[in-house]
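Engineer: My structure is stored as input.tsv, with TSV, C-alpha atoms.
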chain	number	residue	atom	x	y	z
F	1	MET	CA	-9.49	-5.14	3.71
F	2	THR	CA	-12.52	-3.12	4.80
F	3	THR	CA	-13.04	0.53	3.95
F	4	GLN	CA	-12.86	1.25	7.69
F	5	GLN	CA	-9.36	-0.24	7.80
F	6	LEU	CA	-8.37	1.80	4.76
F	7	THR	CA	-9.72	4.98	6.32
F	8	ALA	CA	-7.86	4.25	9.56
F	9	GLN	CA	-4.62	3.86	7.61
F	10	ILE	CA	-5.25	7.18	5.84
F	11	HIS	CA	-5.61	8.98	9.16
F	12	SER	CA	-2.60	7.19	10.66
F	13	LYS	CA	-0.27	8.04	7.78
F	14	LYS	CA	-1.95	11.36	6.96
F	15	SER	CA	-1.90	10.22	3.38
F	16	PHE	CA	-4.31	9.00	0.73
F	17	LEU	CA	-1.58	8.39	-1.82
F	18	CYS	CA	-1.69	5.43	-4.18
F	19	ILE	CA	1.50	4.63	-6.10
F	20	GLY	CA	1.17	3.03	-9.50
F	21	LEU	CA	3.70	0.29	-10.18
F	22	ASP	CA	3.74	0.48	-13.99
F	23	VAL	CA	7.12	-1.05	-14.75
F	24	ASP	CA	8.64	-0.52	-18.19
F	25	LEU	CA	12.00	-2.24	-18.64
F	26	THR	CA	13.13	0.51	-21.02
F	27	LYS	CA	12.74	3.10	-18.24
F	28	ILE	CA	14.08	1.40	-15.12
F	29	PRO	CA	17.72	1.83	-14.05
F	30	GLN	CA	20.02	-0.16	-16.29
F	31	HIS	CA	21.88	-1.86	-13.45
F	32	LEU	CA	18.69	-3.70	-12.49
F	33	LEU	CA	18.62	-5.45	-15.86
F	34	GLN	CA	21.49	-7.60	-14.65
F	35	THR	CA	19.38	-9.10	-11.85
F	36	GLU	CA	17.34	-12.29	-12.12
F	37	ASP	CA	14.02	-10.44	-11.90
F	38	PRO	CA	14.46	-6.73	-12.77
F	39	ILE	CA	10.75	-5.91	-12.45
F	40	PHE	CA	10.45	-7.32	-8.95
F	41	GLU	CA	13.75	-5.79	-7.81
F	42	PHE	CA	12.57	-2.39	-9.05
F	43	ASN	CA	9.19	-2.76	-7.32
F	44	LYS	CA	10.71	-4.03	-4.09
F	45	ALA	CA	13.03	-1.02	-3.85
F	46	ILE	CA	10.19	1.43	-4.57
F	47	ILE	CA	7.92	-0.26	-2.03
F	48	ASP	CA	10.55	-0.35	0.71
F	49	ALA	CA	11.30	3.34	0.12
F	50	THR	CA	7.70	4.60	0.07
F	51	HIS	CA	5.43	2.26	2.04
F	52	ASP	CA	5.15	4.64	5.01
F	53	LEU	CA	4.07	7.51	2.74
F	54	CYS	CA	1.26	5.81	0.82
F	55	VAL	CA	-1.77	3.70	1.62
F	56	SER	CA	-2.04	1.80	-1.64
F	57	TYR	CA	-0.08	0.29	-4.53
F	58	LYS	CA	-1.60	-0.19	-7.97
F	59	PRO	CA	0.22	-2.41	-10.45
F	60	ASN	CA	-1.18	-1.98	-13.96
F	61	THR	CA	-1.32	-5.59	-15.13
F	62	ALA	CA	-0.59	-4.71	-18.77
F	63	PHE	CA	2.96	-3.78	-17.79
F	64	TYR	CA	3.43	-7.33	-16.50
F	65	GLU	CA	1.44	-9.28	-19.07
F	66	ALA	CA	3.56	-7.68	-21.79
F	67	TYR	CA	6.53	-9.76	-20.56
F	68	GLY	CA	4.70	-13.08	-20.66
F	69	ILE	CA	4.98	-15.65	-17.90
F	70	LYS	CA	8.01	-13.93	-16.38
F	71	GLY	CA	6.08	-10.70	-16.07
F	72	TRP	CA	3.15	-12.47	-14.39
F	73	GLN	CA	5.56	-14.13	-11.97
F	74	SER	CA	7.01	-10.70	-11.18
F	75	LEU	CA	3.52	-9.43	-10.45
F	76	GLN	CA	2.84	-12.38	-8.16
F	77	LYS	CA	6.11	-11.85	-6.30
F	78	THR	CA	5.32	-8.15	-5.95
F	79	ILE	CA	1.86	-8.61	-4.45
F	80	THR	CA	3.10	-11.38	-2.17
F	81	TYR	CA	5.93	-9.13	-0.96
F	82	ILE	CA	3.47	-6.34	-0.14
F	83	ASN	CA	1.02	-8.65	1.62
F	84	GLU	CA	3.71	-10.32	3.72
F	85	ASN	CA	5.73	-7.23	4.65
F	86	TYR	CA	3.22	-4.36	4.59
F	87	PRO	CA	-0.19	-5.97	5.13
F	88	GLU	CA	-1.81	-2.63	5.98
F	89	ILE	CA	-1.37	-1.51	2.36
F	90	PHE	CA	-4.46	-1.55	0.12
F	91	THR	CA	-3.61	-3.29	-3.15
F	92	ILE	CA	-5.23	-2.61	-6.51
F	93	ALA	CA	-4.96	-4.81	-9.59
F	94	ASP	CA	-5.40	-2.28	-12.38
F	95	ALA	CA	-6.69	-4.84	-14.87
F	96	LYS	CA	-9.85	-3.19	-16.26
F	97	ARG	CA	-11.57	-6.55	-16.67
F	98	GLY	CA	-15.25	-7.18	-17.33
F	99	ASP	CA	-16.98	-9.96	-19.26
F	100	ILE	CA	-20.02	-12.23	-19.02
F	101	GLY	CA	-20.66	-13.83	-15.64
F	102	ASN	CA	-18.67	-17.06	-15.72
F	103	THR	CA	-15.67	-15.30	-17.25
F	104	SER	CA	-15.82	-12.51	-14.69
F	105	SER	CA	-15.96	-15.14	-11.95
F	106	MET	CA	-12.66	-16.55	-13.21
F	107	TYR	CA	-11.11	-13.08	-13.42
F	108	ALA	CA	-12.23	-12.41	-9.86
F	109	LYS	CA	-10.76	-15.68	-8.61
F	110	ALA	CA	-7.46	-14.88	-10.34
F	111	PHE	CA	-7.04	-11.51	-8.67
F	112	PHE	CA	-8.79	-12.05	-5.33
F	113	GLU	CA	-7.91	-15.66	-4.54
F	114	ASP	CA	-4.75	-16.56	-6.43
F	115	LEU	CA	-2.96	-13.21	-6.28
F	116	ASN	CA	-4.80	-11.96	-3.16
F	117	PHE	CA	-5.32	-8.36	-4.25
F	118	ASP	CA	-7.70	-6.23	-2.20
F	119	SER	CA	-9.36	-4.78	-5.29
F	120	VAL	CA	-9.49	-4.82	-9.07
F	121	THR	CA	-10.54	-2.26	-11.68
F	122	VAL	CA	-13.48	-3.32	-13.83
F	123	ALA	CA	-15.14	-1.92	-16.96
F	124	PRO	CA	-18.94	-1.45	-16.63
F	125	TYR	CA	-19.95	-1.62	-20.30
F	126	MET	CA	-21.41	-5.15	-20.17
F	127	GLY	CA	-23.56	-4.38	-17.15
F	128	LYS	CA	-24.33	-5.94	-13.80
F	129	ASP	CA	-23.81	-9.61	-14.66
F	130	SER	CA	-20.25	-8.76	-15.67
F	131	VAL	CA	-19.56	-6.91	-12.40
F	132	GLU	CA	-21.51	-8.75	-9.69
F	133	PRO	CA	-19.17	-11.79	-9.74
F	134	PHE	CA	-16.42	-9.47	-8.51
F	135	LEU	CA	-18.70	-7.91	-5.90
F	136	ALA	CA	-19.48	-11.33	-4.40
F	137	PHE	CA	-16.09	-11.55	-2.66
F	138	GLU	CA	-16.20	-10.50	1.00
F	139	ASN	CA	-13.89	-7.63	1.99
F	140	LYS	CA	-12.74	-7.27	-1.62
F	141	HIS	CA	-13.48	-4.20	-3.70
F	142	THR	CA	-14.45	-3.63	-7.30
F	143	ILE	CA	-13.29	-0.29	-8.70
F	144	LEU	CA	-15.62	0.61	-11.55
F	145	LEU	CA	-14.50	2.85	-14.39
F	146	ALA	CA	-16.80	5.88	-14.17
F	147	LEU	CA	-15.11	8.98	-15.61
F	148	THR	CA	-11.55	8.46	-16.81
F	149	SER	CA	-8.72	10.95	-17.30
F	150	ASN	CA	-7.89	10.25	-20.94
F	151	GLU	CA	-8.85	12.44	-23.90
F	152	GLY	CA	-11.14	9.75	-25.34
F	153	ALA	CA	-13.31	9.84	-22.22
F	154	PHE	CA	-15.41	12.45	-23.98
F	155	ASP	CA	-16.25	10.01	-26.81
F	156	PHE	CA	-18.85	8.24	-24.64
F	157	GLN	CA	-18.66	8.96	-20.93
F	158	THR	CA	-20.01	12.52	-21.01
F	159	LYS	CA	-22.55	12.01	-23.80
F	160	ASN	CA	-26.20	12.53	-22.90
F	161	ASN	CA	-28.77	9.76	-23.28
F	162	SER	CA	-32.34	10.30	-24.53
F	163	GLU	CA	-33.29	11.64	-21.11
F	164	GLY	CA	-30.47	14.17	-21.13
F	165	LYS	CA	-28.40	12.30	-18.55
F	166	GLU	CA	-24.65	11.90	-19.03
F	167	LEU	CA	-23.49	8.29	-19.40
F	168	TYR	CA	-21.05	8.40	-16.47
F	169	LYS	CA	-23.91	9.49	-14.19
F	170	GLU	CA	-26.04	6.61	-15.43
F	171	VAL	CA	-23.18	4.21	-14.68
F	172	LEU	CA	-22.88	5.56	-11.14
F	173	GLU	CA	-26.61	5.50	-10.43
F	174	THR	CA	-27.26	2.08	-11.96
F	175	SER	CA	-24.32	0.44	-10.21
F	176	LYS	CA	-25.73	1.39	-6.82
F	177	SER	CA	-28.59	-1.09	-7.39
F	178	TRP	CA	-26.31	-4.08	-7.99
F	179	LYS	CA	-25.92	-6.85	-5.44
F	180	ASN	CA	-23.17	-6.10	-2.88
F	181	ALA	CA	-22.82	-2.56	-4.26
F	182	GLU	CA	-21.28	-1.55	-0.94
F	183	ASN	CA	-18.09	-3.18	-2.27
F	184	LEU	CA	-17.89	-0.69	-5.15
F	185	MET	CA	-15.35	2.06	-5.59
F	186	TYR	CA	-15.02	4.22	-8.72
F	187	VAL	CA	-12.32	5.52	-11.03
F	188	VAL	CA	-12.63	9.27	-11.60
F	189	GLY	CA	-9.83	11.11	-13.38
F	190	ALA	CA	-8.21	14.12	-11.73
F	191	THR	CA	-8.29	15.98	-15.03
F	192	LYS	CA	-12.09	16.07	-14.66
F	193	ALA	CA	-12.09	17.91	-11.32
F	194	GLU	CA	-15.11	20.04	-12.26
F	195	TYR	CA	-17.25	16.88	-12.32
F	196	PHE	CA	-16.56	15.82	-8.73
F	197	THR	CA	-19.39	17.86	-7.23
F	198	GLU	CA	-21.94	16.06	-9.40
F	199	ILE	CA	-20.33	12.69	-8.73
F	200	ARG	CA	-20.50	13.20	-4.97
F	201	LYS	CA	-24.23	13.90	-5.22
F	202	ILE	CA	-24.65	10.36	-6.57
F	203	VAL	CA	-22.02	8.45	-4.54
F	204	PRO	CA	-21.38	10.63	-1.48
F	205	HIS	CA	-19.59	7.99	0.58
F	206	SER	CA	-17.80	5.77	-1.95
F	207	PHE	CA	-14.05	5.75	-2.37
F	208	LEU	CA	-12.82	7.26	-5.62
F	209	LEU	CA	-9.57	6.15	-7.24
F	210	VAL	CA	-8.21	9.27	-8.90
F	211	PRO	CA	-5.48	8.99	-11.54
F	212	GLY	CA	-4.15	11.98	-13.43
F	213	VAL	CA	-2.48	14.01	-10.66
F	214	GLY	CA	1.06	14.94	-11.64
F	215	ALA	CA	2.21	13.85	-15.09
F	216	GLN	CA	-1.30	14.21	-16.58
F	217	GLY	CA	-1.81	17.67	-15.10
F	218	GLY	CA	-4.55	17.08	-12.53
F	219	SER	CA	-4.72	19.34	-9.46
F	220	LEU	CA	-4.63	17.72	-6.02
F	221	ALA	CA	-6.17	20.78	-4.39
F	222	GLU	CA	-9.07	20.87	-6.86
F	223	VAL	CA	-9.77	17.16	-6.50
F	224	CYS	CA	-9.83	17.41	-2.70
F	225	LYS	CA	-11.97	20.56	-2.74
F	226	TYR	CA	-14.76	18.91	-4.70
F	227	GLY	CA	-14.18	15.20	-4.20
F	228	MET	CA	-13.31	14.59	-0.56
F	229	SER	CA	-16.02	12.96	1.56
F	230	GLU	CA	-16.53	12.69	5.31
F	231	ASN	CA	-14.43	9.50	5.36
F	232	ILE	CA	-11.82	11.09	3.00
F	233	GLY	CA	-13.02	8.80	0.21
F	234	LEU	CA	-10.09	9.45	-2.12
F	235	LEU	CA	-7.11	7.47	-3.35
F	236	ILE	CA	-4.89	9.76	-5.39
F	237	ASN	CA	-2.73	7.79	-7.79
F	238	SER	CA	0.66	8.86	-9.07
F	239	SER	CA	2.77	6.52	-11.18
F	240	ARG	CA	5.41	7.96	-13.50
F	241	GLY	CA	5.98	11.08	-11.42
F	242	ILE	CA	7.17	8.93	-8.51
F	243	ILE	CA	8.63	5.68	-9.79
F	244	TYR	CA	10.62	7.28	-12.62
F	245	ALA	CA	11.90	10.27	-10.68
F	246	SER	CA	15.41	8.94	-11.43
F	247	ASN	CA	16.85	6.20	-13.62
F	248	GLY	CA	20.10	6.04	-11.67
F	249	THR	CA	21.15	4.03	-8.66
F	250	ASP	CA	19.35	6.60	-6.49
F	251	PHE	CA	15.95	5.80	-8.07
F	252	ALA	CA	14.33	4.60	-4.84
F	253	GLU	CA	15.57	7.61	-2.89
F	254	LYS	CA	14.26	10.01	-5.54
F	255	ALA	CA	10.95	8.15	-5.66
F	256	ARG	CA	10.63	8.65	-1.91
F	257	GLU	CA	11.30	12.37	-2.31
F	258	GLU	CA	8.49	12.72	-4.84
F	259	ALA	CA	6.11	10.62	-2.76
F	260	LEU	CA	6.95	12.71	0.29
F	261	LYS	CA	6.00	15.90	-1.55
F	262	LEU	CA	2.54	14.55	-2.24
F	263	GLN	CA	2.16	13.08	1.23
F	264	GLN	CA	3.03	16.43	2.81
F	265	GLU	CA	0.42	18.17	0.66
F	266	MET	CA	-2.11	15.59	1.75
F	267	ALA	CA	-1.17	15.95	5.41
F	268	GLN	CA	-1.82	19.69	5.19
F	269	ILE	CA	-5.22	19.06	3.67
F	270	LEU	CA	-6.11	16.56	6.39
F	271	ASP	CA	-4.94	18.78	9.27
Could you express the structure from this file as structure tokens?
Structural biologist:
Amino acid sequence: MTTQQLTAQIHSKKSFLCIGLDVDLTKIPQHLLQTEDPIFEFNKAIIDATHDLCVSYKPNTAFYEAYGIKGWQSLQKTITYINENYPEIFTIADAKRGDIGNTSSMYAKAFFEDLNFDSVTVAPYMGKDSVEPFLAFENKHTILLALTSNEGAFDFQTKNNSEGKELYKEVLETSKSWKNAENLMYVVGATKAEYFTEIRKIVPHSFLLVPGVGAQGGSLAEVCKYGMSENIGLLINSSRGIIYASNGTDFAEKAREEALKLQQEMAQILD
């Protein structure tokens, strides 16, 4: 999927909502545990209930890998279901991969070719030869961790180097020189809203994947005020606040209600 197609979907749905599909079997409705594939059945119901309100789904692969081969099969069924039934949706494999070149090439093939995701999250610590194999895939996107929403982000990401430049800024600036850098997007946490102005000076047109709105306390209004670009350029992720709105038989309906609240806020911002 191209960024132009993603932007067109945002304007069509008046939404830049991304829903995180982080499935924990201890939190999903108990009646689903009696089905052959509880993870997929949960995801399918959430997707069917919310696909018109969001532009992206983001399964965190750890929540699938934790269940072994069955979990991976559930992930494959989920992405196939989205691609076949809602092909306009932008899909993100939240895998946070990143390793030396030949290993990254295999990671990229796994997510882009085998599973057919539109994008994957990647850690930048090992530098360009760990990221460029992902960037080589046409119409696929690499979402680089830039400034995350967790407390430990301050351990490294905001530290100054010898030239007085914060590390996250160096990541942003350096990544722009990599081959096929036009395929880059960036993860920027909503709990760091005050940094968006500086980030937009460096990457004014890139899409930013923004976790942390909702359960982690990030402000949608603040993120949009400082982070929105001329092509919108934002994917606001919400996971727990939507998918676990209820653990009863009405879980999909309640998930839709929570997604609708965010979509309506976004529609007002876009109008």
Engineer: Would you list the contacts of segment 167-182 of chain F as a list of chain:residue names, taking every protein, DNA or RNA residue within 8 Å and counting only C-alpha atoms, but skipping same-chain residues closer than 5 positions in sequence?
Structural biologist: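 The filter keeps F:Pro124, F:Lys128, F:Glu132, F:Leu135, F:Ala136, F:Ala146, F:Leu147, F:Phe156, F:Gln157, F:Thr158, F:Lys159, F:Asn160, F:Asn161, F:Ile199, F:Ile202, F:Val203.
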Engineer: Grab the atom CA of Glu222 of chain F to atom CA of Ile269 of chain F distance for me, in Å with one decimal place.
Structural biologist: 11.4 Å
Engineer: Pick the closest to Pro59 of chain F from F:Lys165, F:Lys254, F:Lys140, F:Lys77: which is it, counting all atoms listed in the file?
Structural biologist: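 Looking at the shortest contact to Pro59 of chain F, the residue is F:Lys77.
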Engineer: To one decimal place, how far is atom CA of Ile92 of chain F from atom CA of Thr35 of chain F in Å?
Structural biologist: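 Interatomic distance here is 26.0 Å.
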Engineer: List the neighbours of Thr197 of chain F out to 7 Å using all atoms listed in the file; skip same-chain residues closer than 3 positions along the sequence, and give me the result as a VMD selection string.
Structural biologist: chain F and resid 194 200 to 201 226 to 227
Engineer: Would you pick out the contacts of Cys54 of chain F at 8 Å or less, using all atoms listed in the file, so that residues sharing its chain but fewer than 5 positions from it are not included, and give the list as a PDB file with C-alpha atoms, in the frame of the given file?
Structural biologist:
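File out-v2.pdb, as written:
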ATOM      1  CA  LYS F  13      -0.270   8.040   7.780  1.00  0.00           C
ATOM      2  CA  SER F  15      -1.900  10.220   3.380  1.00  0.00           C
ATOM      3  CA  PHE F  16      -4.310   9.000   0.730  1.00  0.00           C
ATOM      4  CA  LEU F  17      -1.580   8.390  -1.820  1.00  0.00           C
ATOM      5  CA  CYS F  18      -1.690   5.430  -4.180  1.00  0.00           C
ATOM      6  CA  ILE F  19       1.500   4.630  -6.100  1.00  0.00           C
ATOM      7  CA  ILE F  89      -1.370  -1.510   2.360  1.00  0.00           C
ATOM      8  CA  ALA F 259       6.110  10.620  -2.760  1.00  0.00           C
ATOM      9  CA  GLN F 263       2.160  13.080   1.230  1.00  0.00           C
TER      10      GLN F 263
END
Engineer: Nearest to Ser12 of chain F among F:Pro87, F:Gln264, F:Asp52, F:Gly98, with distances taken over only C-alpha atoms: which residue is it?
Structural biologist: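 Using only C-alpha atoms, Ser12 of chain F sits closest to F:Asp52.
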Engineer: Nearest to Asn60 of chain F among F:Asp114, F:Arg240, F:Glu41, F:Glu84, with distances taken over all atoms listed in the file: which residue is it?
Structural biologist: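 Result for the nearest residue to Asn60 of chain F: F:Arg240.
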Engineer: Which residue is closest to Thr191 of chain F? Choose from F:Val223, F:Leu33, F:Ile143, F:Val120 and count all atoms listed in the file.
Structural biologist: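 For Thr191 of chain F, the nearest of the given residues is F:Val223.
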